[in-house]
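Raw contents of upload.csv, CSV, C-alpha atoms:
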```csv
chain,number,residue,atom,x,y,z
B,118,MET,CA,31.3,-14.0,-1.9
B,119,ASN,CA,28.4,-16.2,-0.9
B,120,LEU,CA,25.8,-16.0,-3.6
B,121,ILE,CA,22.4,-17.4,-2.7
B,122,GLU,CA,19.9,-18.4,-5.4
B,123,ILE,CA,16.3,-17.3,-5.4
B,124,PRO,CA,15.1,-20.1,-7.6
B,125,ALA,CA,12.8,-19.3,-10.5
B,126,ARG,CA,9.2,-18.8,-9.3
B,127,ARG,CA,10.3,-19.3,-5.7
B,128,GLY,CA,11.1,-17.3,-2.5
B,129,LYS,CA,14.0,-17.1,-0.2
B,130,ALA,CA,14.6,-15.2,3.1
B,131,ALA,CA,17.6,-14.3,5.2
B,132,ARG,CA,18.4,-12.6,8.4
B,133,LEU,CA,20.4,-9.3,8.4
B,134,ARG,CA,22.1,-7.7,11.3
B,135,GLN,CA,22.0,-3.9,11.6
B,136,GLY,CA,24.8,-2.6,9.3
B,137,GLN,CA,24.9,-5.6,7.0
B,138,SER,CA,23.9,-5.1,3.4
B,139,VAL,CA,22.1,-7.3,0.9
B,140,ARG,CA,22.9,-7.1,-2.8
B,141,ILE,CA,20.0,-8.4,-5.0
B,142,ILE,CA,21.3,-9.3,-8.4
B,143,ASN,CA,19.1,-9.5,-11.5
B,144,THR,CA,21.1,-12.4,-12.9
B,145,THR,CA,19.2,-12.7,-16.2
B,146,GLY,CA,18.3,-9.0,-16.5
B,147,GLN,CA,14.5,-9.2,-16.8
B,148,GLN,CA,13.5,-10.8,-13.5
B,149,VAL,CA,11.4,-8.8,-11.0
B,150,VAL,CA,12.2,-9.6,-7.3
B,151,ASP,CA,9.5,-8.8,-4.8
B,152,THR,CA,11.2,-7.7,-1.6
B,153,TRP,CA,9.9,-7.5,2.0
B,154,ALA,CA,11.6,-6.7,5.4
B,155,PHE,CA,10.4,-7.4,8.9
B,156,ARG,CA,12.0,-6.3,12.2
B,157,ALA,CA,13.8,-9.2,13.8
B,158,ASP,CA,12.5,-8.3,17.3
B,159,ASP,CA,8.9,-7.9,16.2
B,160,ILE,CA,7.8,-9.3,12.9
B,161,ALA,CA,4.5,-7.2,13.1
B,162,GLU,CA,6.7,-4.2,12.4
B,163,LEU,CA,7.4,-4.4,8.7
B,164,MET,CA,8.6,-2.4,5.7
B,165,SER,CA,5.7,-0.4,4.4
B,166,MET,CA,5.5,1.1,0.9
B,167,GLU,CA,2.7,3.5,1.9
B,168,HIS,CA,4.7,4.8,4.9
B,169,SER,CA,7.9,4.9,2.8
B,170,ARG,CA,6.4,7.0,0.1
B,171,VAL,CA,5.5,9.6,2.7
B,172,ALA,CA,9.1,9.4,4.1
B,173,ILE,CA,11.0,9.7,0.8
B,174,GLY,CA,8.6,12.0,-1.1
B,175,ARG,CA,8.5,9.8,-4.1
B,176,ILE,CA,7.1,6.5,-5.5
B,177,ILE,CA,10.4,4.9,-6.5
B,178,PRO,CA,13.3,4.9,-4.0
B,179,ALA,CA,16.6,6.3,-5.1
B,180,ILE,CA,20.1,5.8,-3.8
B,181,GLY,CA,20.2,7.3,-0.3
B,182,ASP,CA,16.5,6.8,0.4
B,183,THR,CA,15.6,5.1,3.6
B,184,LEU,CA,12.5,2.8,3.6
B,185,VAL,CA,10.5,2.8,6.8
B,186,THR,CA,8.2,0.4,8.7
B,187,ASN,CA,4.5,0.7,9.5
B,188,ARG,CA,5.7,2.5,12.7
B,189,ARG,CA,7.8,5.0,10.6
B,190,ASN,CA,11.2,3.5,11.8
B,191,PRO,CA,14.1,3.2,9.3
B,192,ILE,CA,14.6,-0.4,8.1
B,193,LEU,CA,16.5,-0.5,4.8
B,194,THR,CA,18.4,2.2,2.9
B,195,LEU,CA,19.2,1.9,-0.8
B,196,THR,CA,22.9,2.3,-1.1
B,197,ALA,CA,23.6,1.2,-4.7
B,198,ASP,CA,21.7,0.6,-7.9
B,199,THR,CA,23.1,-0.4,-11.3
B,200,SER,CA,19.8,-1.5,-12.7
B,201,GLY,CA,18.6,1.8,-14.2
B,202,GLY,CA,16.7,2.9,-11.1
B,203,ILE,CA,13.3,1.7,-12.1
B,204,HIS,CA,11.4,-0.2,-9.4
B,205,ASP,CA,7.8,-0.3,-8.2
B,206,THR,CA,6.0,0.4,-4.9
B,207,LEU,CA,2.5,0.6,-6.3
B,208,PHE,CA,1.4,-3.0,-7.1
B,209,ALA,CA,0.5,-5.7,-4.7
B,210,ALA,CA,2.4,-9.0,-4.7
B,211,CYS,CA,0.8,-11.5,-7.1
B,212,ASP,CA,-1.4,-14.2,-5.5
B,213,ARG,CA,-3.6,-17.1,-6.5
B,214,TRP,CA,-6.5,-14.7,-7.0
B,215,ARG,CA,-4.5,-12.6,-9.5
B,216,TYR,CA,-3.8,-15.6,-11.6
B,217,GLU,CA,-7.4,-16.8,-11.4
B,218,ARG,CA,-8.5,-13.4,-12.7
B,219,LEU,CA,-5.9,-13.6,-15.5
B,220,GLY,CA,-7.6,-16.9,-16.6
B,221,CYS,CA,-5.1,-19.4,-15.3
B,222,VAL,CA,-6.6,-22.8,-14.4
B,223,GLY,CA,-5.2,-24.7,-11.4
B,224,TYR,CA,-2.5,-23.6,-9.0
B,225,HIS,CA,0.0,-20.9,-10.2
B,226,ASP,CA,3.1,-20.1,-8.3
B,227,ASN,CA,2.8,-16.6,-6.8
B,228,CYS,CA,4.8,-14.1,-4.7
B,229,THR,CA,2.3,-14.2,-1.8
B,230,ASP,CA,2.8,-17.9,-1.2
B,231,ASN,CA,6.5,-17.5,-1.9
B,232,LEU,CA,6.8,-15.0,1.0
B,233,ALA,CA,5.0,-17.4,3.3
B,234,ALA,CA,7.2,-20.3,2.3
B,235,ALA,CA,10.4,-18.3,2.5
B,236,LEU,CA,9.6,-17.2,6.1
B,237,ALA,CA,8.5,-20.7,7.0
B,238,GLU,CA,12.0,-21.9,6.3
B,239,LEU,CA,13.1,-19.5,9.1
B,240,GLY,CA,10.2,-20.7,11.4
B,241,LEU,CA,8.3,-17.4,10.9
B,242,VAL,CA,4.8,-16.6,9.7
B,243,PRO,CA,4.1,-13.3,8.0
B,244,PRO,CA,1.5,-11.3,9.9
B,245,GLU,CA,0.0,-10.1,6.6
B,246,THR,CA,1.3,-9.8,3.0
B,247,PRO,CA,2.7,-6.2,2.9
B,248,ALA,CA,2.8,-4.4,-0.4
B,249,PRO,CA,6.3,-5.3,-1.6
B,250,LEU,CA,9.2,-3.3,-2.9
B,251,ASN,CA,9.1,-4.7,-6.4
B,252,LEU,CA,12.7,-4.5,-7.4
B,253,PHE,CA,13.3,-4.0,-11.2
B,254,MET,CA,9.6,-3.8,-11.8
B,255,ASN,CA,8.6,-1.2,-14.4
B,256,ILE,CA,5.2,0.4,-13.7
B,257,PRO,CA,5.4,3.9,-15.2
B,258,VAL,CA,2.9,6.5,-13.9
B,259,ILE,CA,1.5,8.3,-17.0
B,260,GLY,CA,0.0,11.7,-16.7
B,261,GLY,CA,0.3,11.6,-13.0
B,262,ASN,CA,-2.3,8.9,-12.7
B,263,ARG,CA,-2.4,6.0,-15.1
B,264,VAL,CA,-0.2,2.9,-14.4
B,265,GLN,CA,1.0,0.5,-17.0
B,266,ILE,CA,2.9,-2.8,-16.9
B,267,CYS,CA,6.1,-2.6,-18.9
B,268,PRO,CA,9.1,-4.9,-19.2
B,269,PRO,CA,12.1,-4.2,-16.8
B,270,VAL,CA,14.9,-1.8,-18.0
B,271,SER,CA,17.5,-3.7,-16.0
B,272,THR,CA,20.3,-5.7,-17.6
B,273,PRO,CA,21.9,-9.1,-16.7
B,274,GLY,CA,24.0,-8.9,-13.6
B,275,SER,CA,22.7,-5.5,-12.5
B,276,TYR,CA,21.9,-5.1,-8.8
B,277,VAL,CA,20.5,-3.1,-6.0
B,278,SER,CA,22.1,-2.9,-2.5
B,279,LEU,CA,20.2,-2.3,0.7
B,280,ILE,CA,21.7,-1.7,4.1
B,281,ALA,CA,19.9,-2.9,7.2
B,282,GLU,CA,19.0,0.0,9.6
B,283,CYS,CA,18.0,-2.6,12.3
B,284,ASP,CA,18.2,-6.3,12.8
B,285,CYS,CA,15.7,-7.7,10.3
B,286,VAL,CA,14.5,-10.5,8.2
B,287,VAL,CA,14.4,-9.9,4.4
B,288,ALA,CA,12.4,-12.0,2.0
B,289,PHE,CA,12.6,-12.2,-1.7
B,290,SER,CA,10.4,-13.8,-4.4
B,291,ALA,CA,11.5,-14.3,-8.0
B,292,CYS,CA,8.1,-13.3,-9.4
B,293,PRO,CA,6.5,-16.1,-11.3
B,294,GLN,CA,4.4,-13.8,-13.5
B,295,ASP,CA,4.3,-15.3,-17.0
B,296,VAL,CA,0.9,-13.9,-18.3
B,297,VAL,CA,1.7,-10.2,-18.5
B,298,PRO,CA,5.2,-8.8,-19.2
B,299,VAL,CA,6.2,-8.0,-15.7
B,300,ASN,CA,9.3,-10.2,-16.2
B,301,GLY,CA,10.0,-9.1,-19.8
B,302,LEU,CA,8.3,-9.7,-23.1
B,303,ALA,CA,9.5,-13.3,-23.2
B,304,LEU,CA,7.1,-14.0,-20.3
B,305,LEU,CA,9.8,-16.3,-18.9
B,306,PRO,CA,10.4,-16.1,-15.1
B,307,THR,CA,14.0,-16.9,-14.1
B,308,GLU,CA,16.1,-17.2,-11.0
B,309,ALA,CA,17.8,-14.3,-9.3
B,310,HIS,CA,20.5,-14.1,-6.6
B,311,PHE,CA,21.5,-12.2,-3.5
B,312,GLU,CA,24.4,-12.0,-1.2
B,313,VAL,CA,24.7,-10.7,2.3
B,314,LEU,CA,27.7,-8.3,2.9
B,315,ASP,CA,29.2,-7.3,6.2
E,295,MET,CA,-31.9,11.7,4.5
E,296,ASN,CA,-30.0,10.5,7.5
E,297,LEU,CA,-26.8,12.5,7.8
E,298,ILE,CA,-24.2,11.1,10.1
E,299,GLU,CA,-21.4,13.3,11.4
E,300,ILE,CA,-17.8,12.3,11.3
E,301,PRO,CA,-16.7,14.6,14.1
E,302,ALA,CA,-13.6,16.7,13.5
E,303,ARG,CA,-10.4,14.7,14.3
E,304,ARG,CA,-12.5,11.5,14.9
E,305,GLY,CA,-13.6,8.3,13.1
E,306,LYS,CA,-17.0,6.7,12.5
E,307,ALA,CA,-18.0,3.3,10.9
E,308,ALA,CA,-21.2,1.9,9.5
E,309,ARG,CA,-22.4,-1.3,8.0
E,310,LEU,CA,-23.5,-1.5,4.3
E,311,ARG,CA,-25.5,-4.2,2.7
E,312,GLN,CA,-24.6,-5.2,-0.8
E,313,GLY,CA,-26.2,-2.7,-3.1
E,314,GLN,CA,-26.4,0.1,-0.6
E,315,SER,CA,-24.4,3.2,-1.2
E,316,VAL,CA,-22.6,5.6,1.1
E,317,ARG,CA,-22.2,9.3,0.2
E,318,ILE,CA,-19.3,11.0,1.9
E,319,ILE,CA,-19.7,14.7,2.0
E,320,ASN,CA,-16.9,17.2,2.3
E,321,THR,CA,-19.0,19.5,4.4
E,322,THR,CA,-16.5,22.3,4.8
E,323,GLY,CA,-14.7,21.6,1.5
E,324,GLN,CA,-11.1,21.1,2.7
E,325,GLN,CA,-11.4,18.1,4.9
E,326,VAL,CA,-9.7,14.8,3.9
E,327,VAL,CA,-11.6,11.6,4.9
E,328,ASP,CA,-9.6,8.5,5.2
E,329,THR,CA,-11.8,5.6,4.1
E,330,TRP,CA,-11.6,1.8,4.7
E,331,ALA,CA,-13.8,-1.1,3.9
E,332,PHE,CA,-13.9,-4.7,5.3
E,333,ARG,CA,-16.0,-7.6,4.3
E,334,ALA,CA,-18.8,-8.2,6.8
E,335,ASP,CA,-18.3,-12.0,6.7
E,336,ASP,CA,-14.5,-11.9,7.1
E,337,ILE,CA,-12.9,-8.7,8.4
E,338,ALA,CA,-9.5,-10.0,7.3
E,339,GLU,CA,-10.6,-9.5,3.7
E,340,LEU,CA,-10.3,-5.7,3.3
E,341,MET,CA,-10.2,-3.0,0.7
E,342,SER,CA,-6.6,-2.8,-0.6
E,343,MET,CA,-5.1,0.2,-2.4
E,344,GLU,CA,-2.2,-1.9,-3.8
E,345,HIS,CA,-4.6,-4.5,-5.2
E,346,SER,CA,-7.0,-1.8,-6.5
E,347,ARG,CA,-4.4,0.1,-8.4
E,348,VAL,CA,-3.7,-3.1,-10.4
E,349,ALA,CA,-7.4,-3.6,-11.0
E,350,ILE,CA,-8.3,-0.1,-12.1
E,351,GLY,CA,-5.0,0.7,-13.9
E,352,ARG,CA,-4.6,4.0,-12.2
E,353,ILE,CA,-3.7,5.6,-8.9
E,354,ILE,CA,-6.8,7.7,-8.4
E,355,PRO,CA,-10.2,5.9,-8.8
E,356,ALA,CA,-12.6,7.5,-11.2
E,357,ILE,CA,-16.4,7.1,-11.6
E,358,GLY,CA,-17.1,3.5,-12.5
E,359,ASP,CA,-13.9,2.1,-11.0
E,360,THR,CA,-14.4,-0.8,-8.6
E,361,LEU,CA,-12.0,-1.0,-5.7
E,362,VAL,CA,-11.0,-4.5,-4.7
E,363,THR,CA,-9.9,-6.5,-1.6
E,364,ASN,CA,-6.7,-8.1,-0.7
E,365,ARG,CA,-8.2,-11.2,-2.4
E,366,ARG,CA,-9.1,-9.2,-5.5
E,367,ASN,CA,-12.8,-9.3,-4.9
E,368,PRO,CA,-14.9,-6.2,-5.7
E,369,ILE,CA,-15.9,-4.3,-2.5
E,370,LEU,CA,-16.8,-0.7,-3.4
E,371,THR,CA,-17.5,1.1,-6.7
E,372,LEU,CA,-17.2,4.8,-7.2
E,373,THR,CA,-20.6,6.0,-8.6
E,374,ALA,CA,-20.5,9.7,-8.2
E,375,ASP,CA,-17.9,12.4,-7.5
E,376,THR,CA,-18.6,16.2,-7.4
E,377,SER,CA,-15.3,16.9,-5.6
E,378,GLY,CA,-13.1,17.5,-8.6
E,379,GLY,CA,-11.9,13.8,-8.7
E,380,ILE,CA,-8.7,14.3,-6.8
E,381,HIS,CA,-8.1,11.6,-4.1
E,382,ASP,CA,-5.1,9.7,-2.8
E,383,THR,CA,-4.2,6.0,-2.6
E,384,LEU,CA,-0.4,6.4,-2.0
E,385,PHE,CA,-0.1,7.6,1.6
E,386,ALA,CA,-0.5,5.7,4.8
E,387,ALA,CA,-3.0,6.8,7.4
E,388,CYS,CA,-1.4,9.2,9.9
E,389,ASP,CA,-0.5,7.6,13.2
E,390,ARG,CA,1.2,8.6,16.5
E,391,TRP,CA,4.6,8.0,14.9
E,392,ARG,CA,3.9,10.4,12.0
E,393,TYR,CA,3.1,13.2,14.5
E,394,GLU,CA,6.2,12.4,16.6
E,395,ARG,CA,8.3,12.7,13.5
E,396,LEU,CA,6.6,16.0,12.7
E,397,GLY,CA,7.7,17.3,16.1
E,398,CYS,CA,4.4,17.1,18.0
E,399,VAL,CA,4.8,16.7,21.7
E,400,GLY,CA,2.3,14.4,23.5
E,401,TYR,CA,-0.7,12.6,22.0
E,402,HIS,CA,-2.0,13.8,18.7
E,403,ASP,CA,-5.3,12.5,17.2
E,404,ASN,CA,-4.6,10.3,14.2
E,405,CYS,CA,-6.4,8.3,11.6
E,406,THR,CA,-5.0,5.0,12.6
E,407,ASP,CA,-6.4,5.3,16.2
E,408,ASN,CA,-9.6,6.7,14.7
E,409,LEU,CA,-10.1,3.5,12.6
E,410,ALA,CA,-9.6,1.3,15.6
E,411,ALA,CA,-12.1,3.4,17.7
E,412,ALA,CA,-14.7,3.5,14.9
E,413,LEU,CA,-14.6,-0.3,14.5
E,414,ALA,CA,-14.6,-0.7,18.3
E,415,GLU,CA,-18.0,1.0,18.3
E,416,LEU,CA,-19.3,-1.9,16.2
E,417,GLY,CA,-17.5,-4.5,18.3
E,418,LEU,CA,-14.8,-5.1,15.7
E,419,VAL,CA,-11.0,-5.0,15.8
E,420,PRO,CA,-9.1,-4.1,12.5
E,421,PRO,CA,-6.7,-6.9,11.6
E,422,GLU,CA,-4.2,-4.3,10.5
E,423,THR,CA,-4.3,-0.6,9.4
E,424,PRO,CA,-4.7,-1.0,5.6
E,425,ALA,CA,-3.6,1.9,3.4
E,426,PRO,CA,-6.7,4.0,3.2
E,427,LEU,CA,-8.6,5.5,0.3
E,428,ASN,CA,-7.9,9.1,1.2
E,429,LEU,CA,-10.9,10.9,-0.2
E,430,PHE,CA,-10.3,14.5,-1.2
E,431,MET,CA,-6.6,14.3,-0.4
E,432,ASN,CA,-4.4,15.9,-3.1
E,433,ILE,CA,-1.1,14.2,-3.6
E,434,PRO,CA,0.0,15.0,-7.1
E,435,VAL,CA,2.6,12.7,-8.8
E,436,ILE,CA,5.1,15.0,-10.5
E,437,GLY,CA,7.3,13.7,-13.3
E,438,GLY,CA,6.0,10.2,-12.8
E,439,ASN,CA,7.7,9.8,-9.4
E,440,ARG,CA,7.8,12.7,-6.9
E,441,VAL,CA,4.8,13.1,-4.6
E,442,GLN,CA,3.8,16.3,-2.9
E,443,ILE,CA,1.3,17.3,-0.2
E,444,CYS,CA,-1.2,19.9,-1.6
E,445,PRO,CA,-4.4,21.3,-0.2
E,446,PRO,CA,-7.6,19.7,-1.4
E,447,VAL,CA,-9.4,21.0,-4.6
E,448,SER,CA,-12.8,20.0,-3.3
E,449,THR,CA,-15.5,22.5,-2.4
E,450,PRO,CA,-18.0,22.8,0.5
E,451,GLY,CA,-20.7,20.2,0.2
E,452,SER,CA,-19.1,18.3,-2.6
E,453,TYR,CA,-19.2,14.5,-2.2
E,454,VAL,CA,-18.2,11.0,-3.4
E,455,SER,CA,-20.6,8.1,-3.6
E,456,LEU,CA,-19.5,4.5,-3.2
E,457,ILE,CA,-21.8,1.5,-3.8
E,458,ALA,CA,-21.2,-1.7,-1.8
E,459,GLU,CA,-20.4,-4.8,-4.0
E,460,CYS,CA,-20.8,-7.0,-0.9
E,461,ASP,CA,-22.0,-6.7,2.7
E,462,CYS,CA,-19.3,-4.7,4.3
E,463,VAL,CA,-18.2,-2.4,7.1
E,464,VAL,CA,-17.0,1.0,6.0
E,465,ALA,CA,-14.9,3.2,8.3
E,466,PHE,CA,-14.1,6.9,8.0
E,467,SER,CA,-11.7,9.3,9.7
E,468,ALA,CA,-11.9,13.1,9.5
E,469,CYS,CA,-8.1,13.4,9.3
E,470,PRO,CA,-6.7,15.4,12.2
E,471,GLN,CA,-3.6,16.5,10.3
E,472,ASP,CA,-2.9,20.1,11.3
E,473,VAL,CA,0.9,20.3,10.7
E,474,VAL,CA,1.1,20.0,6.9
E,475,PRO,CA,-1.6,21.3,4.5
E,476,VAL,CA,-3.4,17.9,3.9
E,477,ASN,CA,-6.6,19.6,5.1
E,478,GLY,CA,-6.0,23.0,3.4
E,479,LEU,CA,-3.7,25.9,4.0
E,480,ALA,CA,-5.6,26.9,7.2
E,481,LEU,CA,-4.4,23.7,8.9
E,482,LEU,CA,-7.8,23.4,10.5
E,483,PRO,CA,-9.3,19.9,10.6
E,484,THR,CA,-13.1,19.9,10.6
E,485,GLU,CA,-16.0,17.5,10.6
E,486,ALA,CA,-17.4,15.8,7.6
E,487,HIS,CA,-20.6,13.8,7.0
E,488,PHE,CA,-21.9,10.7,5.3
E,489,GLU,CA,-25.2,9.1,4.6
E,490,VAL,CA,-26.2,5.6,3.7
E,491,LEU,CA,-28.6,5.3,0.7
E,492,ASP,CA,-30.7,2.3,-0.2
```

Step by step, read the file and then write its structure as structure tokens.
Amino acid sequence: MNLIEIPARRGKAARLRQGQSVRIINTTGQQVVDTWAFRADDIAELMSMEHSRVAIGRIIPAIGDTLVTNRRNPILTLTADTSGGIHDTLFAACDRWRYERLGCVGYHDNCTDNLAAALAELGLVPPETPAPLNLFMNIPVIGGNRVQICPPVSTPGSYVSLIAECDCVVAFSACPQDVVPVNGLALLPTEAHFEVLD
Amino acid sequence: MNLIEIPARRGKAARLRQGQSVRIINTTGQQVVDTWAFRADDIAELMSMEHSRVAIGRIIPAIGDTLVTNRRNPILTLTADTSGGIHDTLFAACDRWRYERLGCVGYHDNCTDNLAAALAELGLVPPETPAPLNLFMNIPVIGGNRVQICPPVSTPGSYVSLIAECDCVVAFSACPQDVVPVNGLALLPTEAHFEVLD
């Protein structure tokens, strides 16, 4: 087992070969992990939530669902989920402008910058900030339309496993949201972990 | 009145000054119109469905809701809607790969290429294909999760009005989907119209 830390409020990326899996662990139980994937042979082909919803016929992926790229090719399949099955595909990654609008003064860590920093460690530049797969994030759709920010339902040590359908780069951000209860009512962003499995 | 046609299966773009409105008319009643907006002073800043859902707190914009860019700035506000209020922000624009996966052989018109062609008429290149505001498209969310393709509920001549919150370029595609009932049970894509109002 080779556990890699996604430090609190920070990002981390890794390369996956086709057939390898990544297990993303909600170490403390209430930490949302924004997740992205890009094809290794063409970083402009990337995991797309708006294309994946068409492919899987639902908003939240379930075990067996294959997420697809902006060219409709399979990229990651959900193979295990002990977290309660609540994730989000509706909300953008947080960014400096989100925190400005929430009233924060000065720089605030954010998932958009974390994606860029995580890919930079691999010598890559994201072509855009795709809408992320927000693992463990709890955004219920009420009455078929209204969306609400709720604390995660996941528990400490629970995890999600994703298998790579092609050689790809995956990136994660331990979301630094501490103004609204994305990461639980304590508003306390923490670290999370992942491991790559052959 | 200066009615501009969005030809069946094609795209069309226009420039809006801040404070101008565009009225998009569902001429035949069952035609979905994919809609995008880009800031005139920086085309990389574009209307984003994933940022707009956070801003408006729902999936489908209602009268008074302001759609925002990928930098969270206001770009278009919905000011009128006689169509029944059913639109979509969940599904990607159709593209060549969508039709390949639906079994179409050879080239099929698609909203992604229509966006590029519409902007090209103004000498512009889209930096990406953002998830569109799919006007009149009926994708109910069932049980808070499952999404389904249903025919539009709009009627002939019904319309949506959007006011520009900044100088911007708007682009429309009369969706050429004729395999699944996005554009009604007749599977017959038609023209639509728009007009710019001072």

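The environment of Arg215 (chain B) within 10 Å, counting all atoms listed in the file and disregarding residues fewer than 5 places along the same chain, consists of Ala209, Ala210, Gly220, Cys221, His225, Asn227 and Gln294 of chain B; His345, Val348, Ala349, Arg365 and Arg366 of chain E.
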
#### Entry: For region 122-125 of chain B: contacts at 7 Å, all atoms listed in the file, fewer than 2 positions along chain excluded, given as a PyMOL selection string
chain B and resi 120+127-129+290-291+306-311

Could you list, with a cut-off of 7 Å and counting only C-alpha atoms, the residues of chain B near chain E, each shown with its nearest atom pair and the distance in Å rounded to one decimal, rows sorted by chain and ascending number, as JSON lines?
```
{"residue": "B:Glu167", "atom": "CA", "partner": "E:Ala386", "partner_atom": "CA", "distance": 4.8}
{"residue": "B:His168", "atom": "CA", "partner": "E:Ala386", "partner_atom": "CA", "distance": 5.3}
{"residue": "B:Arg170", "atom": "CA", "partner": "E:Phe385", "partner_atom": "CA", "distance": 6.7}
{"residue": "B:Val171", "atom": "CA", "partner": "E:Phe385", "partner_atom": "CA", "distance": 6.0}
{"residue": "B:Gly174", "atom": "CA", "partner": "E:Val441", "partner_atom": "CA", "distance": 5.3}
{"residue": "B:Arg175", "atom": "CA", "partner": "E:Arg440", "partner_atom": "CA", "distance": 4.1}
{"residue": "B:Ile176", "atom": "CA", "partner": "E:Asn439", "partner_atom": "CA", "distance": 5.1}
{"residue": "B:Ile177", "atom": "CA", "partner": "E:Asn439", "partner_atom": "CA", "distance": 6.3}
{"residue": "B:Arg188", "atom": "CA", "partner": "E:Trp391", "partner_atom": "CA", "distance": 6.0}
{"residue": "B:Arg189", "atom": "CA", "partner": "E:Trp391", "partner_atom": "CA", "distance": 6.1}
{"residue": "B:Leu207", "atom": "CA", "partner": "E:Glu344", "partner_atom": "CA", "distance": 5.9}
{"residue": "B:Phe208", "atom": "CA", "partner": "E:Glu344", "partner_atom": "CA", "distance": 5.0}
{"residue": "B:Ala209", "atom": "CA", "partner": "E:Glu344", "partner_atom": "CA", "distance": 4.7}
{"residue": "B:Trp214", "atom": "CA", "partner": "E:Arg365", "partner_atom": "CA", "distance": 6.0}
{"residue": "B:Arg215", "atom": "CA", "partner": "E:Arg366", "partner_atom": "CA", "distance": 7.0}
{"residue": "B:Ala248", "atom": "CA", "partner": "E:Glu344", "partner_atom": "CA", "distance": 6.5}
{"residue": "B:Pro257", "atom": "CA", "partner": "E:Gly438", "partner_atom": "CA", "distance": 6.8}
{"residue": "B:Val258", "atom": "CA", "partner": "E:Gly438", "partner_atom": "CA", "distance": 5.0}
{"residue": "B:Ile259", "atom": "CA", "partner": "E:Gly438", "partner_atom": "CA", "distance": 6.4}
{"residue": "B:Gly261", "atom": "CA", "partner": "E:Val435", "partner_atom": "CA", "distance": 4.9}
{"residue": "B:Asn262", "atom": "CA", "partner": "E:Ile353", "partner_atom": "CA", "distance": 5.2}
{"residue": "B:Arg263", "atom": "CA", "partner": "E:Arg352", "partner_atom": "CA", "distance": 4.2}
{"residue": "B:Val264", "atom": "CA", "partner": "E:Arg352", "partner_atom": "CA", "distance": 5.0}
{"residue": "B:Gln265", "atom": "CA", "partner": "E:Gly351", "partner_atom": "CA", "distance": 6.8}
```

Grab the residues selected above and save them as a PDB file, in the coordinates of the input with C-alpha atoms.
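selection09.pdb written:
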```pdb
ATOM      1  CA  GLU B 167       2.700   3.500   1.900  1.00  0.00           C
ATOM      2  CA  HIS B 168       4.700   4.800   4.900  1.00  0.00           C
ATOM      3  CA  ARG B 170       6.400   7.000   0.100  1.00  0.00           C
ATOM      4  CA  VAL B 171       5.500   9.600   2.700  1.00  0.00           C
ATOM      5  CA  GLY B 174       8.600  12.000  -1.100  1.00  0.00           C
ATOM      6  CA  ARG B 175       8.500   9.800  -4.100  1.00  0.00           C
ATOM      7  CA  ILE B 176       7.100   6.500  -5.500  1.00  0.00           C
ATOM      8  CA  ILE B 177      10.400   4.900  -6.500  1.00  0.00           C
ATOM      9  CA  ARG B 188       5.700   2.500  12.700  1.00  0.00           C
ATOM     10  CA  ARG B 189       7.800   5.000  10.600  1.00  0.00           C
ATOM     11  CA  LEU B 207       2.500   0.600  -6.300  1.00  0.00           C
ATOM     12  CA  PHE B 208       1.400  -3.000  -7.100  1.00  0.00           C
ATOM     13  CA  ALA B 209       0.500  -5.700  -4.700  1.00  0.00           C
ATOM     14  CA  TRP B 214      -6.500 -14.700  -7.000  1.00  0.00           C
ATOM     15  CA  ARG B 215      -4.500 -12.600  -9.500  1.00  0.00           C
ATOM     16  CA  ALA B 248       2.800  -4.400  -0.400  1.00  0.00           C
ATOM     17  CA  PRO B 257       5.400   3.900 -15.200  1.00  0.00           C
ATOM     18  CA  VAL B 258       2.900   6.500 -13.900  1.00  0.00           C
ATOM     19  CA  ILE B 259       1.500   8.300 -17.000  1.00  0.00           C
ATOM     20  CA  GLY B 261       0.300  11.600 -13.000  1.00  0.00           C
ATOM     21  CA  ASN B 262      -2.300   8.900 -12.700  1.00  0.00           C
ATOM     22  CA  ARG B 263      -2.400   6.000 -15.100  1.00  0.00           C
ATOM     23  CA  VAL B 264      -0.200   2.900 -14.400  1.00  0.00           C
ATOM     24  CA  GLN B 265       1.000   0.500 -17.000  1.00  0.00           C
TER      25      GLN B 265
END
```

### Query
Pick from E:Leu429, E:Ile369, E:Leu482, E:Val463: nearest to Ala308 (chain E), with all atoms listed in the file counted?
E:Val463

### Summary
From CA of Asn255 (chain B) to CA of Ile141 (chain B) the spacing works out at 16.4 Å

#### Entry: CA of Ser448 (chain E) to CA of Val327 (chain E), distance in Å rounded to a single decimal
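Interatomic distance, CA of Ser448 (chain E) to CA of Val327 (chain E): 11.8 Å.
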
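Counting from CA of Ala154 (chain B), the distance to CA of Ser200 (chain B) is 20.5 Å.
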
For Cys292 (chain B), find every residue with an atom within 6 Å (counting only C-alpha atoms), except residues of its own chain fewer than 3 positions away, and show them as a JSON list (two decimals) with C-alpha atoms, keeping the file's coordinate frame.
```
[["chain", "number", "residue", "atom", "x", "y", "z"],
["B", 126, "ARG", "CA", 9.20, -18.80, -9.30],
["B", 149, "VAL", "CA", 11.40, -8.80, -11.00],
["B", 150, "VAL", "CA", 12.20, -9.60, -7.30],
["B", 228, "CYS", "CA", 4.80, -14.10, -4.70]]
```

### Query
With all atoms listed in the file as the atoms that count, which of B:Ile280, B:Cys285, B:Ala303, B:Leu195 lies nearest to Asp159 (chain B)?
B:Cys285

### Shell of 12 Å around Gln137 (chain B), all atoms listed in the file, local chain residues under 2 positions omitted, as a ChimeraX atom specification
/B:131-135,139-140,192-194,196,278-287,312-315

### Message
Measuring between only C-alpha atoms, which one of B:Leu219, B:Met254, B:Leu241, B:Leu163 shows the shortest distance to Val296 (chain B)?
### Response
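Checking each of B:Leu219, B:Met254, B:Leu241, B:Leu163 against Val296 (chain B), counting only C-alpha atoms, the winner is B:Leu219.
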